[in-house]
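S.K.: Just so it is clear, I am handing over final.cif, which has mmCIF, C-alpha atoms (C1' of nucleotides).
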```cif
data_upload
#
loop_
_atom_site.label_atom_id
_atom_site.label_comp_id
_atom_site.auth_asym_id
_atom_site.auth_seq_id
_atom_site.Cartn_x
_atom_site.Cartn_y
_atom_site.Cartn_z
CA MET A 1 80.48 36.29 120.34
CA VAL A 2 80.77 32.55 120.80
CA THR A 3 80.68 30.10 117.94
CA THR A 4 77.60 27.93 118.40
CA SER A 5 77.53 24.30 117.41
CA ARG A 6 75.04 25.09 114.68
CA GLU A 7 77.47 27.60 113.19
CA HIS A 8 80.20 25.03 113.54
CA ASP A 9 78.18 22.59 111.45
CA VAL A 10 77.63 25.13 108.73
CA ILE A 11 81.31 26.00 108.65
CA GLN A 12 82.22 22.34 108.31
CA GLN A 13 79.80 22.00 105.44
CA VAL A 14 81.02 25.01 103.51
CA LEU A 15 84.64 24.00 104.04
CA THR A 16 83.82 20.61 102.55
CA ILE A 17 82.00 22.15 99.61
CA PHE A 18 84.84 24.59 98.98
CA SER A 19 87.38 21.79 99.22
CA ALA A 20 85.50 19.75 96.63
CA HIS A 21 85.25 22.78 94.37
CA LEU A 22 88.97 23.48 94.57
CA GLU A 23 89.71 19.84 93.85
CA LYS A 24 87.38 19.70 90.86
CA LYS A 25 88.91 22.82 89.36
CA GLY A 26 92.45 21.74 90.10
CA PHE A 27 93.10 24.70 92.42
CA ARG A 28 95.31 24.37 95.43
CA LYS A 29 94.00 24.07 98.95
CA THR A 30 95.82 26.81 100.80
CA PRO A 31 95.33 27.72 104.45
CA GLU A 32 94.59 31.33 103.44
CA ARG A 33 91.61 30.28 101.37
CA TYR A 34 90.12 28.22 104.16
CA ALA A 35 90.83 30.91 106.73
CA ILE A 36 89.01 33.53 104.69
CA LEU A 37 86.01 31.31 104.10
CA GLU A 38 85.87 30.48 107.78
CA GLU A 39 86.00 34.11 108.88
CA ILE A 40 83.22 34.98 106.48
CA TYR A 41 80.99 32.28 107.87
CA LYS A 42 81.79 33.13 111.47
CA ARG A 43 80.35 36.56 110.86
CA SER A 44 77.12 37.74 109.35
CA ASP A 45 75.58 40.08 106.92
CA HIS A 46 77.12 42.39 104.40
CA PHE A 47 80.72 43.42 104.22
CA ASP A 48 83.17 44.76 101.67
CA ALA A 49 86.58 43.41 100.69
CA GLU A 50 88.48 45.99 102.70
CA ALA A 51 86.50 45.30 105.88
CA LEU A 52 87.23 41.61 105.50
CA TYR A 53 90.92 42.36 104.92
CA ILE A 54 91.11 44.55 108.03
CA HIS A 55 89.22 41.93 109.98
CA MET A 56 91.69 39.22 108.98
CA LYS A 57 94.55 41.53 109.96
CA ASN A 58 92.98 42.17 113.35
CA ARG A 59 92.80 38.44 113.80
CA ASN A 60 96.53 38.31 113.13
CA TYR A 61 96.11 36.41 109.91
CA ARG A 62 98.78 37.18 107.37
CA VAL A 63 96.72 37.76 104.25
CA SER A 64 97.13 40.28 101.51
CA ARG A 65 94.38 42.22 99.84
CA ALA A 66 95.15 40.36 96.63
CA THR A 67 94.41 37.05 98.32
CA VAL A 68 91.21 38.39 99.82
CA TYR A 69 89.97 39.53 96.41
CA ASN A 70 91.12 36.34 94.74
CA THR A 71 89.43 34.14 97.32
CA LEU A 72 86.23 36.16 97.30
CA GLU A 73 86.00 35.62 93.56
CA LEU A 74 86.54 31.91 93.99
CA LEU A 75 83.81 31.79 96.64
CA VAL A 76 81.43 33.69 94.42
CA THR A 77 81.95 31.27 91.54
CA CYS A 78 81.23 28.28 93.76
CA GLU A 79 78.21 30.11 95.17
CA LEU A 80 79.26 30.15 98.79
CA VAL A 81 79.32 33.93 98.75
CA LYS A 82 77.15 36.48 96.97
CA LYS A 83 78.43 39.74 95.59
CA HIS A 84 76.33 42.89 95.47
CA GLN A 85 76.58 46.44 94.18
CA PHE A 86 74.18 48.55 96.18
CA GLY A 87 74.53 51.67 94.07
CA LYS A 88 77.96 52.60 95.37
CA ASN A 89 81.23 51.78 93.67
CA LEU A 90 81.94 49.33 96.41
CA ALA A 91 81.24 45.64 96.08
CA GLN A 92 79.45 44.17 99.08
CA TYR A 93 79.55 40.50 99.89
CA GLU A 94 77.53 38.12 102.03
CA LYS A 95 77.70 34.42 102.79
CA SER A 96 75.02 32.54 100.92
CA TYR A 97 75.13 28.87 101.87
CA GLY A 98 72.06 27.70 103.71
CA TYR A 99 70.37 31.03 103.17
CA LYS A 100 67.03 31.33 101.50
CA GLN A 101 67.36 33.44 98.39
CA HIS A 102 66.41 36.97 99.30
CA ASP A 103 66.50 40.57 98.17
CA HIS A 104 67.44 43.83 99.85
CA ILE A 105 66.07 47.13 101.07
CA ILE A 106 68.76 49.76 101.48
CA CYS A 107 68.32 52.89 103.56
CA THR A 108 69.66 55.76 101.48
CA ASN A 109 70.30 57.74 104.64
CA CYS A 110 72.12 55.40 107.01
CA GLY A 111 73.13 52.62 104.63
CA GLN A 112 71.36 49.94 106.62
CA VAL A 113 70.57 46.81 104.59
CA VAL A 114 67.48 44.73 105.35
CA GLU A 115 66.73 41.41 103.70
CA PHE A 116 63.33 40.31 102.50
CA CYS A 117 61.76 37.47 100.54
CA HIS A 118 58.91 37.67 98.09
CA HIS A 119 57.80 34.86 95.83
CA GLY A 120 56.67 37.34 93.18
CA VAL A 121 60.24 37.88 92.05
CA GLN A 122 60.59 34.32 90.82
CA GLN A 123 57.45 34.66 88.71
CA ILE A 124 58.80 37.78 87.07
CA LYS A 125 62.14 36.09 86.34
CA ASP A 126 60.47 33.11 84.70
CA LEU A 127 58.04 35.15 82.67
CA VAL A 128 60.43 37.83 81.50
CA GLY A 129 63.32 35.46 80.85
CA ASP A 130 61.06 33.33 78.74
CA TYR A 131 59.66 36.29 76.81
CA TYR A 132 63.02 37.82 75.90
CA ASP A 133 64.77 34.46 75.41
CA PHE A 134 67.29 34.95 78.20
CA GLN A 135 68.47 32.09 80.37
CA ILE A 136 68.31 33.95 83.68
CA SER A 137 70.93 32.77 86.15
CA HIS A 138 70.48 35.27 88.94
CA HIS A 139 69.00 38.63 89.77
CA ALA A 140 69.16 41.57 92.12
CA LEU A 141 66.14 43.43 93.42
CA ASN A 142 67.11 46.39 95.54
CA LEU A 143 64.57 48.72 97.08
CA TYR A 144 65.96 52.10 98.09
CA GLY A 145 64.28 54.29 100.63
CA VAL A 146 64.48 55.84 104.05
CA CYS A 147 63.98 53.71 107.14
CA GLY A 148 61.71 54.70 110.01
CA PRO A 149 64.37 56.01 112.40
CA CYS A 150 66.05 58.00 109.62
CA ARG A 151 62.79 59.63 108.62
CA LYS A 152 62.58 61.00 112.15
CA GLU A 153 66.19 62.18 112.01
CA LEU A 154 65.54 63.93 108.72
CA GLU A 155 62.47 65.66 110.06
CA LEU A 156 64.68 67.13 112.76
CA GLY A 157 67.05 68.38 110.09
CA ILE A 158 69.89 65.99 110.77
CA VAL A 159 71.56 65.09 107.51
CA ARG A 160 74.29 62.51 107.14
CA LYS A 161 76.80 63.17 104.43
CA HIS A 162 78.47 59.78 104.38
CA PRO A 163 76.21 56.88 105.27
CA LYS A 164 79.25 54.73 105.80
CA VAL A 165 79.44 52.19 108.57
CA THR A 166 82.86 51.53 110.03
CA GLU A 167 84.32 48.19 110.99
CA GLU A 168 83.65 48.71 114.68
CA GLU A 169 80.08 49.83 114.23
CA SER A 170 79.26 46.97 111.92
CA GLY A 171 80.18 44.37 114.50
CA TRP A 172 83.34 43.07 112.83
CA GLY A 173 85.69 44.14 115.59
CA GLU A 174 86.82 42.10 118.54
CA MET B 1 70.77 60.48 62.77
CA VAL B 2 68.43 63.44 62.39
CA THR B 3 66.73 65.11 65.31
CA THR B 4 63.01 64.62 64.87
CA SER B 5 60.45 67.18 65.96
CA ARG B 6 59.22 64.81 68.65
CA GLU B 7 62.73 64.63 70.07
CA HIS B 8 62.95 68.36 69.85
CA ASP B 9 59.82 68.69 71.96
CA VAL B 10 61.18 66.39 74.61
CA ILE B 11 64.45 68.29 74.71
CA GLN B 12 62.62 71.57 75.20
CA GLN B 13 60.63 70.04 78.02
CA VAL B 14 63.58 68.64 79.88
CA LEU B 15 65.54 71.87 79.45
CA THR B 16 62.63 73.71 81.04
CA ILE B 17 62.38 71.25 83.89
CA PHE B 18 66.12 71.41 84.50
CA SER B 19 66.03 75.19 84.40
CA ALA B 20 63.28 75.29 87.01
CA HIS B 21 65.20 72.86 89.18
CA LEU B 22 68.39 74.92 89.02
CA GLU B 23 66.45 78.03 89.86
CA LYS B 24 64.68 76.45 92.81
CA LYS B 25 67.93 75.17 94.24
CA GLY B 26 69.75 78.41 93.59
CA PHE B 27 72.24 76.77 91.21
CA ARG B 28 73.60 78.60 88.23
CA LYS B 29 72.42 78.04 84.72
CA THR B 30 75.62 77.36 82.86
CA PRO B 31 75.87 76.48 79.16
CA GLU B 32 77.80 73.32 80.06
CA ARG B 33 74.91 71.98 82.10
CA TYR B 34 72.41 72.55 79.33
CA ALA B 35 74.75 71.16 76.69
CA ILE B 36 75.25 67.94 78.63
CA LEU B 37 71.54 67.47 79.22
CA GLU B 38 70.85 68.09 75.54
CA GLU B 39 73.42 65.59 74.36
CA ILE B 40 72.02 62.95 76.68
CA TYR B 41 68.53 63.43 75.33
CA LYS B 42 69.67 63.47 71.72
CA ARG B 43 71.02 59.99 72.23
CA SER B 44 69.50 56.86 73.66
CA ASP B 45 70.03 54.01 75.99
CA HIS B 46 72.71 53.33 78.51
CA PHE B 47 76.05 55.05 78.70
CA ASP B 48 78.76 55.68 81.24
CA ALA B 49 80.31 58.97 82.32
CA GLU B 50 83.46 58.47 80.27
CA ALA B 51 81.51 57.71 77.08
CA LEU B 52 79.50 60.87 77.56
CA TYR B 53 82.69 62.85 78.17
CA ILE B 54 84.30 61.47 75.01
CA HIS B 55 81.11 62.14 73.11
CA MET B 56 81.06 65.78 74.21
CA LYS B 57 84.71 66.09 73.22
CA ASN B 58 83.97 64.63 69.78
CA ARG B 59 81.29 67.23 69.43
CA ASN B 60 83.90 69.88 70.17
CA TYR B 61 82.31 70.87 73.44
CA ARG B 62 84.78 72.07 76.00
CA VAL B 63 83.73 70.13 79.07
CA SER B 64 85.81 68.51 81.73
CA ARG B 65 85.17 65.16 83.32
CA ALA B 66 84.47 66.94 86.59
CA THR B 67 81.63 68.89 84.99
CA VAL B 68 80.22 65.77 83.40
CA TYR B 69 80.12 63.99 86.75
CA ASN B 70 78.78 67.06 88.51
CA THR B 71 76.03 67.57 85.97
CA LEU B 72 75.07 63.90 85.88
CA GLU B 73 74.56 64.03 89.62
CA LEU B 74 72.38 67.11 89.30
CA LEU B 75 70.33 65.41 86.61
CA VAL B 76 69.93 62.32 88.74
CA THR B 77 68.64 64.36 91.68
CA CYS B 78 66.03 66.08 89.54
CA GLU B 79 65.08 62.73 88.03
CA LEU B 80 65.88 63.51 84.41
CA VAL B 81 68.54 60.83 84.37
CA LYS B 82 68.72 57.44 86.06
CA LYS B 83 71.91 55.92 87.38
CA HIS B 84 72.54 52.18 87.39
CA GLN B 85 75.18 49.78 88.63
CA PHE B 86 74.90 46.63 86.60
CA GLY B 87 77.33 44.60 88.66
CA LYS B 88 80.47 46.28 87.35
CA ASN B 89 82.30 49.12 89.06
CA LEU B 90 81.10 51.42 86.37
CA ALA B 91 78.01 53.57 86.76
CA GLN B 92 75.67 53.46 83.77
CA TYR B 93 73.20 56.24 83.07
CA GLU B 94 70.08 56.65 80.96
CA LYS B 95 67.64 59.48 80.30
CA SER B 96 64.42 58.93 82.18
CA TYR B 97 61.98 61.73 81.34
CA GLY B 98 58.91 60.50 79.49
CA TYR B 99 60.01 56.91 79.92
CA LYS B 100 57.80 54.39 81.57
CA GLN B 101 59.53 53.06 84.64
CA HIS B 102 61.21 49.84 83.66
CA ASP B 103 63.76 47.27 84.74
CA HIS B 104 66.66 45.54 83.04
CA ILE B 105 67.90 42.20 81.81
CA ILE B 106 71.66 42.12 81.35
CA CYS B 107 73.45 39.52 79.23
CA THR B 108 76.41 38.34 81.27
CA ASN B 109 78.19 37.34 78.08
CA CYS B 110 77.88 40.30 75.71
CA GLY B 111 76.75 43.01 78.12
CA GLN B 112 73.60 43.78 76.17
CA VAL B 113 70.92 45.51 78.25
CA VAL B 114 67.24 44.92 77.54
CA GLU B 115 64.45 46.84 79.22
CA PHE B 116 61.22 45.30 80.47
CA CYS B 117 58.17 46.28 82.45
CA HIS B 118 56.25 44.20 84.93
CA HIS B 119 53.56 45.48 87.22
CA GLY B 120 54.46 42.91 89.87
CA VAL B 121 57.43 44.97 90.95
CA GLN B 122 55.26 47.81 92.20
CA GLN B 123 53.23 45.43 94.33
CA ILE B 124 56.37 44.09 95.94
CA LYS B 125 57.63 47.61 96.63
CA ASP B 126 54.40 48.66 98.30
CA LEU B 127 54.06 45.52 100.36
CA VAL B 128 57.65 45.22 101.49
CA GLY B 129 58.14 48.94 102.10
CA ASP B 130 55.05 48.95 104.25
CA TYR B 131 56.08 45.86 106.19
CA TYR B 132 59.59 47.06 107.05
CA ASP B 133 58.56 50.70 107.53
CA PHE B 134 60.71 52.04 104.69
CA GLN B 135 59.58 54.91 102.52
CA ILE B 136 60.70 53.41 99.21
CA SER B 137 61.76 56.05 96.70
CA HIS B 138 63.12 53.89 93.93
CA HIS B 139 64.33 50.42 93.11
CA ALA B 140 66.42 48.37 90.73
CA LEU B 141 65.51 44.95 89.48
CA ASN B 142 68.24 43.46 87.34
CA LEU B 143 67.96 40.02 85.81
CA TYR B 144 71.26 38.50 84.76
CA GLY B 145 71.49 35.75 82.20
CA VAL B 146 72.64 34.74 78.77
CA CYS B 147 70.76 35.97 75.71
CA GLY B 148 69.74 33.69 72.85
CA PRO B 149 72.55 34.56 70.42
CA CYS B 150 75.16 34.25 73.15
CA ARG B 151 73.89 30.82 74.18
CA LYS B 152 74.61 29.67 70.63
CA GLU B 153 78.06 31.26 70.70
CA LEU B 154 78.83 29.57 73.99
CA GLU B 155 77.73 26.19 72.67
CA LEU B 156 80.30 26.61 69.92
CA GLY B 157 82.94 27.30 72.53
CA ILE B 158 83.36 30.99 71.81
CA VAL B 159 84.06 32.81 75.04
CA ARG B 160 84.30 36.56 75.40
CA LYS B 161 86.65 37.82 78.04
CA HIS B 162 85.55 41.43 78.13
CA PRO B 163 81.89 42.04 77.36
CA LYS B 164 82.61 45.71 76.91
CA VAL B 165 80.98 47.83 74.25
CA THR B 166 82.99 50.73 72.85
CA GLU B 167 81.72 54.19 72.00
CA GLU B 168 81.55 53.42 68.29
CA GLU B 169 79.75 50.13 68.72
CA SER B 170 77.24 51.62 71.11
CA GLY B 171 76.10 54.19 68.61
CA TRP B 172 77.56 57.28 70.30
CA GLY B 173 80.02 58.11 67.54
CA GLU B 174 79.50 60.44 64.65
"C1'" DC C 1 110.72 19.73 92.09
"C1'" DT C 2 107.19 22.16 89.50
"C1'" DT C 3 104.20 25.73 89.31
"C1'" DG C 4 100.24 27.94 91.22
"C1'" DG C 5 99.45 30.94 95.19
"C1'" DT C 6 101.05 34.43 98.19
"C1'" DG C 7 102.48 39.14 100.05
"C1'" DC C 8 103.83 43.35 98.75
"C1'" DA C 9 103.89 47.34 96.18
"C1'" DA C 10 103.10 49.43 92.05
"C1'" DA C 11 99.60 49.96 88.42
"C1'" DC C 12 94.92 50.85 87.04
"C1'" DA C 13 90.31 52.68 86.49
"C1'" DA C 14 86.46 55.35 88.05
"C1'" DT C 15 85.44 59.16 90.51
"C1'" DT C 16 86.41 63.17 93.54
"C1'" DT C 17 88.82 67.17 95.04
"C1'" DG C 18 91.87 71.46 95.26
"C1'" DC C 19 92.84 75.55 93.14
"C1'" DA C 20 93.15 79.45 89.98
"C1'" DA C 21 90.53 81.61 86.51
"C1'" DG C 22 85.89 82.77 84.46
"C1'" DC C 23 81.23 84.05 84.16
"C1'" DG C 24 76.24 84.02 85.93
"C1'" DC C 25 73.60 86.72 88.87
"C1'" DG D 1 82.23 92.27 91.87
"C1'" DC D 2 81.15 88.15 94.68
"C1'" DG D 3 81.41 83.49 94.76
"C1'" DC D 4 79.63 79.43 92.40
"C1'" DT D 5 81.37 76.65 88.39
"C1'" DT D 6 84.61 75.39 85.49
"C1'" DG D 7 88.88 73.05 83.61
"C1'" DC D 8 92.75 70.84 84.74
"C1'" DA D 9 95.54 67.92 87.18
"C1'" DA D 10 96.50 65.75 91.27
"C1'" DA D 11 94.45 62.92 94.91
"C1'" DT D 12 91.46 59.08 96.47
"C1'" DT D 13 89.25 54.87 96.40
"C1'" DG D 14 88.44 50.17 95.03
"C1'" DT D 15 90.50 46.58 92.58
"C1'" DT D 16 94.03 44.28 89.66
"C1'" DT D 17 98.68 43.07 88.31
"C1'" DG D 18 103.82 42.07 88.27
"C1'" DC D 19 107.25 39.81 90.57
"C1'" DA D 20 110.14 37.21 93.72
"C1'" DC D 21 109.54 33.78 97.07
"C1'" DC D 22 107.09 29.84 99.21
"C1'" DA D 23 104.71 25.73 99.75
"C1'" DA D 24 100.95 22.27 97.81
"C1'" DG D 25 100.74 18.42 94.98
#
```
Can you present the structure in this file as structure tokens?
M.R.:
Amino acid sequence: MVTTSREHDVIQQVLTIFSAHLEKKGFRKTPERYAILEEIYKRSDHFDAEALYIHMKNRNYRVSRATVYNTLELLVTCELVKKHQFGKNLAQYEKSYGYKQHDHIICTNCGQVVEFCHHGVQQIKDLVGDYYDFQISHHALNLYGVCGPCRKELELGIVRKHPKVTEEESGWGE
Amino acid sequence: MVTTSREHDVIQQVLTIFSAHLEKKGFRKTPERYAILEEIYKRSDHFDAEALYIHMKNRNYRVSRATVYNTLELLVTCELVKKHQFGKNLAQYEKSYGYKQHDHIICTNCGQVVEFCHHGVQQIKDLVGDYYDFQISHHALNLYGVCGPCRKELELGIVRKHPKVTEEESGWGE
DNA sequence: CTTGGTGCAAACAATTTGCAAGCGC
DNA sequence: GCGCTTGCAAATTGTTTGCACCAAG
């Protein structure tokens, strides 16, 4: 996969935003932090901390898990990355800059995650937040179900025990 | 707290349902399984596996954590209990029989969980499931924000580090 | 130079698993 | 009695922490 110029623009923008955030908060600008942010934005979709760690290792970056977790948290607080819990005890992350706010459908069989947008969610947030006197900052709407291909698999009696996608399969390898 | 006759009815119903489910699946009807289901339905609201385990211990029931987890999973599959992940790496459960389907608002400061209903969610499920060819079985809509009382606390500069509620505080004690 | 950030490994917390003993069928 | 379930403890998994060293400001 080649980095397109459009991607390059986005990466420059998020690096600038991150830099400003670090400065404002008085945090140091370390190469590790920028490297992690860059790798996240070079790739797409949903990943977990371990996959990112392995990916950095494969790229011959010297980063520790601790730094990955630390940086992910920083990126979440400055809203460049979103953190999700899709029902498993495994936090999933995704880049969020320049993305329209969206929600997720998760296939309970294969673990596939599909994004969707629906304006109705915002209405519910406003109405309900107002009614219960909560200042809503964010939300998560996850729909769980079985995708088309998996329904066929299941009809044939094929059952997957561990709907886990490995690094290679998820497109994070070289 | 005294067990009301209405509660008693519900408990009888869920025990019957659970019994039928165990039978259908060829699982054994052990006293532990019934005891756990009963304790869940005697109490209300959201709890985690450890709190339930401690609660059973306090009640002088001999159950192991393994059995608690095992039984919770059984109860989730037969839809007598719902499992949630409210952003922490800690599964929360709630009884679900006889409850209208609902969603949650979570206070990010104190951890309070409020339930709400909104018909709009069903529309979204139908529409989106149809569009992406997913057979949606369930969903989770969580709104995160700060509740009224906590907004006042925060204005005064009071910050809570660990919005965790203990067994006693959550009303599971004796 | 000061001190926050890092890598590493050990610590933790939630959950799962292996195994011998027990009890439902 | 057979073998699923249990209790217990040890193992796993995901994440956090302690500490000595390094490098950003």
S.K.: Using the chain letters and numbering of this document, enumerate as an mmCIF file with C-alpha atoms (C1' of nucleotides), in the coordinates of the input the residues selected by the PyMOL selection byres ((chain C) within 9 of (chain A)).
M.R.:
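Here's the written file expr_4.cif:
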```
data_model
loop_
_atom_site.group_PDB
_atom_site.id
_atom_site.type_symbol
_atom_site.label_atom_id
_atom_site.label_comp_id
_atom_site.auth_asym_id
_atom_site.auth_seq_id
_atom_site.Cartn_x
_atom_site.Cartn_y
_atom_site.Cartn_z
ATOM 1 C "C1'" DG C 4 100.240 27.940 91.220
ATOM 2 C "C1'" DG C 5 99.450 30.940 95.190
ATOM 3 C "C1'" DT C 6 101.050 34.430 98.190
ATOM 4 C "C1'" DG C 7 102.480 39.140 100.050
ATOM 5 C "C1'" DC C 8 103.830 43.350 98.750
ATOM 6 C "C1'" DA C 14 86.460 55.350 88.050
#
```
S.K.: Identify all chain B residues at most 8 Å from chain A by counting only C-alpha atoms; ligands do not count. Present them as a ChimeraX atom specification.
M.R.: /B:84-91,107,116,118,120-121,124-125,128,132-148
S.K.: Chain D residues within 10 Å of chain B, counting only C-alpha atoms (C1' of nucleotides): which ones, as a list in words?
M.R.: DC4, DT5, DT6, DG7, DC8, DG14 and DT15 of chain D
S.K.: Written as a ChimeraX atom specification, what is the full residue list that the PyMOL selection byres ((chain B and resi 38) around 10) yields on the file shown?
M.R.: /B:8,10-12,14-15,32-37,39-43
S.K.: Record the distance separating CA of Gln112 (chain A) and CA of Ile54 (chain A), expressed in Å with one decimal.
M.R.: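 CA of Ile54 (chain A) lies at a distance of 20.5 Å from CA of Gln112 (chain A).
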S.K.: Report the distance between CA of Val68 (chain B) and CA of Glu50 (chain B) in Å, rounded to one decimal place.
M.R.: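 Straight-line distance from CA of Val68 (chain B) to CA of Glu50 (chain B) works out to 8.6 Å.
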S.K.: Can you pull out the residues contacting Glu94 (chain A)? Cut-off 8 Å, using only C-alpha atoms (C1' of nucleotides), and skip same-chain residues under 3 positions away; I want them as a ChimeraX atom specification.
M.R.: /A:40,44-47,81-83
S.K.: Might you spell out which residues the PyMOL selection byres ((chain C and resi 10) around 9) would select in the displayed file, as a ChimeraX atom specification?
M.R.: /C:9,11 /D:17-18
S.K.: As an exercise, work out the distance from CA of Asn109 (chain A) to CA of Gln92 (chain A) in Å and give it to one decimal place.
M.R.: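 So the two atoms, CA of Asn109 (chain A) and CA of Gln92 (chain A), lie 17.3 Å apart.
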S.K.: In terms of the shortest atom-to-atom distance over all atoms listed in the file, which of A:Cys78, A:Tyr93, A:Phe18, A:Lys25 is closest to Ala51 (chain A)?
M.R.: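 Among A:Cys78, A:Tyr93, A:Phe18, A:Lys25, it is A:Tyr93 that comes nearest to Ala51 (chain A).
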